[in-house]
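Peer 1: Okay, handing you the structure first.
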Amino acid sequence: FKRTAVVASAHLFKAFGIPVRAHWSFWLVVFVLATEFQNYLQGGLAVSLLLTVCFYGCLLLHELGHSLTARRYGINTREIKMTMLGGMAMFERSPRVPHQELLITVAGPLVNFVIAGLLFAGQCLAFGLSFEAWPRQFCWLLMFLNLFLGIFNLLPGFPMDGGRILRALLALKLPYLKATHIAVRVGQLVGASFILLPVLGIWGGIITALIGLMVIFLAQAELMRVRAEEALKQGSATLNRLFGGLFGGQAPGGGNGRSWGFTFGGPPPGGTE
């Protein structure tokens, strides 16, 4: 989940050589979640706080799944930022090979499913298959949270991993920009449903609607980003065509987008034409 403007972030530590930073909103949501988890967990605030720390540890492992898989393809991660919305792996460059994007993106949710599987096995060893003893157990809640993270991120909407997986699959057969356009529109339908369901009283509330708005706007931002990348390859004539004549003259480097030193952060993009 993932590309937002982040300010006032503090360095925490390095994981596998990647700096991990926390935005101020991260500390706020830690307290809020710890308070909320008390309703579902035995042991008071201290245990709830521990669960919250473990939950964010799983979020960090999710981002490391993206980052370490990207490193395998020669793509380094500048840093990982933890915010109230989750984690963001900020890559030095954007891969344009569909199978690379697919593997890099799938790695994140896969980490959560592996964690959930290990916790399930541990619960079975500790309590057997007597599921009535599970609901208020620490490991059961952490297992559920990892399943939620994995499944939610697979929804086909930017900036979630599912939107990037859809684009990578489409880009195997379609030009990259067209694949992005289709994936973005599908994601915006997902976002619109997040808004509509609470309005109709079917499911969710104000937070669900806000997530829907975020998905719609960030999906559009991803489409604009890819349009800009494609236009930079071809010079100012394409910029004018795609962005309504806002750009004049020639792109630096004689219209060769590769001479621009731009990098784009956020979760794994990619694809080829």
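Naming works like this for the structure tokens: A, B, ... for the chains as they're shown, residue 1 at the start of each chain, ligands 1 onward in shown order.
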Can you list, as number ranges by chain, every residue of segment 69-216 of chain A that DSSP puts in helix (DSSP H, G or I)?
Peer 2: A: 69-72, 98-127, 131-133, 138-153, 161-171, 176-199, 206-216
Peer 1: With C-alpha atoms retained, export the selected residues as a short mmCIF file (atom, residue, chain, number, x, y, z; two decimals), in the first residue's frame.
Peer 2:
```cif
data_model
loop_
_atom_site.label_atom_id
_atom_site.label_comp_id
_atom_site.auth_asym_id
_atom_site.auth_seq_id
_atom_site.Cartn_x
_atom_site.Cartn_y
_atom_site.Cartn_z
CA THR A 69 12.83 -9.33 -4.33
CA ALA A 70 13.46 -6.07 -6.18
CA ARG A 71 17.12 -6.21 -5.11
CA ARG A 72 17.36 -9.58 -6.83
CA PRO A 98 6.11 -7.56 -16.41
CA HIS A 99 7.36 -10.75 -14.79
CA GLN A 100 9.66 -8.71 -12.53
CA GLU A 101 6.80 -6.48 -11.39
CA LEU A 102 4.65 -9.53 -10.84
CA LEU A 103 7.19 -11.31 -8.64
CA ILE A 104 8.19 -8.14 -6.76
CA THR A 105 4.56 -7.31 -6.01
CA VAL A 106 3.42 -10.81 -5.08
CA ALA A 107 6.30 -11.12 -2.60
CA GLY A 108 4.65 -8.70 -0.15
CA PRO A 109 1.31 -10.47 0.40
CA LEU A 110 3.09 -13.83 0.22
CA VAL A 111 5.11 -12.86 3.31
CA ASN A 112 1.86 -12.21 5.22
CA PHE A 113 0.36 -15.53 4.14
CA VAL A 114 3.51 -17.39 5.23
CA ILE A 115 3.39 -15.65 8.63
CA ALA A 116 -0.30 -16.51 8.99
CA GLY A 117 0.45 -20.15 8.12
CA LEU A 118 3.22 -20.37 10.69
CA LEU A 119 0.98 -18.84 13.35
CA PHE A 120 -1.82 -21.28 12.46
CA ALA A 121 0.58 -24.20 12.82
CA GLY A 122 1.75 -22.84 16.17
CA GLN A 123 -1.82 -22.46 17.40
CA CYS A 124 -2.63 -26.03 16.37
CA LEU A 125 0.40 -27.34 18.23
CA ALA A 126 -0.45 -25.32 21.34
CA PHE A 127 -4.24 -25.77 21.48
CA PHE A 131 -11.04 -23.61 17.83
CA GLU A 132 -13.25 -22.35 20.66
CA ALA A 133 -10.07 -21.71 22.67
CA PHE A 138 -2.58 -13.30 20.85
CA CYS A 139 -1.37 -15.51 17.99
CA TRP A 140 -4.90 -15.97 16.62
CA LEU A 141 -5.37 -12.21 16.31
CA LEU A 142 -1.95 -11.75 14.70
CA MET A 143 -2.76 -14.56 12.26
CA PHE A 144 -6.06 -12.87 11.36
CA LEU A 145 -4.33 -9.51 10.86
CA ASN A 146 -1.80 -11.07 8.48
CA LEU A 147 -4.55 -12.77 6.49
CA PHE A 148 -6.36 -9.43 6.30
CA LEU A 149 -3.20 -7.64 5.12
CA GLY A 150 -2.54 -10.25 2.46
CA ILE A 151 -6.10 -10.41 1.13
CA PHE A 152 -6.75 -6.66 1.28
CA ASN A 153 -3.56 -5.89 -0.62
CA ASP A 161 -0.52 -4.72 -4.67
CA GLY A 162 -3.48 -6.24 -6.50
CA GLY A 163 -3.61 -3.28 -8.89
CA ARG A 164 0.05 -3.76 -9.78
CA ILE A 165 -0.39 -7.51 -10.20
CA LEU A 166 -3.27 -6.84 -12.61
CA ARG A 167 -1.15 -4.37 -14.58
CA ALA A 168 1.77 -6.81 -14.76
CA LEU A 169 -0.51 -9.55 -16.11
CA LEU A 170 -2.06 -7.19 -18.67
CA ALA A 171 1.40 -5.89 -19.67
CA TYR A 176 2.52 -0.75 -20.66
CA LEU A 177 0.49 2.49 -20.77
CA LYS A 178 -2.66 0.71 -21.92
CA ALA A 179 -2.21 -1.97 -19.25
CA THR A 180 -1.85 0.77 -16.63
CA HIS A 181 -4.96 2.56 -17.91
CA ILE A 182 -7.10 -0.59 -17.62
CA ALA A 183 -5.73 -1.49 -14.18
CA VAL A 184 -6.29 2.05 -12.92
CA ARG A 185 -9.92 2.10 -14.08
CA VAL A 186 -10.58 -1.28 -12.45
CA GLY A 187 -8.98 0.05 -9.26
CA GLN A 188 -11.14 3.14 -9.32
CA LEU A 189 -14.24 0.93 -9.55
CA VAL A 190 -12.98 -0.83 -6.42
CA GLY A 191 -12.51 2.55 -4.75
CA ALA A 192 -15.99 3.67 -5.78
CA SER A 193 -17.47 0.50 -4.25
CA PHE A 194 -15.68 1.32 -0.98
CA ILE A 195 -17.53 4.64 -0.98
CA LEU A 196 -20.89 3.29 -2.12
CA LEU A 197 -21.18 0.36 0.31
CA PRO A 198 -21.14 2.50 3.49
CA VAL A 199 -23.41 5.12 1.89
CA ILE A 206 -16.37 6.58 7.21
CA ILE A 207 -12.91 4.96 7.22
CA THR A 208 -13.96 2.63 4.42
CA ALA A 209 -15.21 5.58 2.37
CA LEU A 210 -11.96 7.50 2.97
CA ILE A 211 -9.96 4.48 1.81
CA GLY A 212 -12.12 4.44 -1.32
CA LEU A 213 -11.32 8.09 -2.01
CA MET A 214 -7.63 7.41 -1.47
CA VAL A 215 -7.71 4.52 -3.94
CA ILE A 216 -9.45 6.63 -6.60
#
```
Peer 1: Run DSSP on the backbone and give me the residues of segment 84-245 of chain A it puts in strand (DSSP E), as an MDAnalysis selection string.
Peer 2: chainID A and resid 86:91
Peer 1: Could the residues in this selection be saved with N, CA, C and O atoms as a PDB file, in the first residue's frame?
Peer 2:
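Everything below was put into result-v2.pdb:
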```
ATOM      1  N   GLY A  86       0.305   2.599   6.410  1.00  0.00           N
ATOM      2  CA  GLY A  86       1.040   1.371   6.163  1.00  0.00           C
ATOM      3  C   GLY A  86       2.482   1.661   5.852  1.00  0.00           C
ATOM      4  O   GLY A  86       3.051   2.651   6.303  1.00  0.00           O
ATOM      5  N   GLY A  87       3.089   0.787   5.052  1.00  0.00           N
ATOM      6  CA  GLY A  87       4.486   0.948   4.693  1.00  0.00           C
ATOM      7  C   GLY A  87       4.646   1.309   3.229  1.00  0.00           C
ATOM      8  O   GLY A  87       3.782   1.019   2.405  1.00  0.00           O
ATOM      9  N   MET A  88       5.782   1.948   2.913  1.00  0.00           N
ATOM     10  CA  MET A  88       6.091   2.323   1.539  1.00  0.00           C
ATOM     11  C   MET A  88       7.541   2.005   1.256  1.00  0.00           C
ATOM     12  O   MET A  88       8.433   2.553   1.909  1.00  0.00           O
ATOM     13  N   ALA A  89       7.771   1.125   0.294  1.00  0.00           N
ATOM     14  CA  ALA A  89       9.130   0.836  -0.154  1.00  0.00           C
ATOM     15  C   ALA A  89       9.452   1.788  -1.295  1.00  0.00           C
ATOM     16  O   ALA A  89       8.808   1.752  -2.342  1.00  0.00           O
ATOM     17  N   MET A  90      10.425   2.656  -1.090  1.00  0.00           N
ATOM     18  CA  MET A  90      10.768   3.684  -2.065  1.00  0.00           C
ATOM     19  C   MET A  90      11.928   3.195  -2.931  1.00  0.00           C
ATOM     20  O   MET A  90      13.078   3.163  -2.489  1.00  0.00           O
ATOM     21  N   PHE A  91      11.624   2.790  -4.179  1.00  0.00           N
ATOM     22  CA  PHE A  91      12.626   2.225  -5.072  1.00  0.00           C
ATOM     23  C   PHE A  91      13.425   3.310  -5.780  1.00  0.00           C
ATOM     24  O   PHE A  91      12.912   4.398  -6.040  1.00  0.00           O
TER      25      PHE A  91
END
```
Peer 1: Just give me the gap between atom CA of Ser48 of chain A and atom CA of Leu85 of chain A in Å, one decimal is fine.
Peer 2: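 Distance reported for this atom pair: 19.3 Å.
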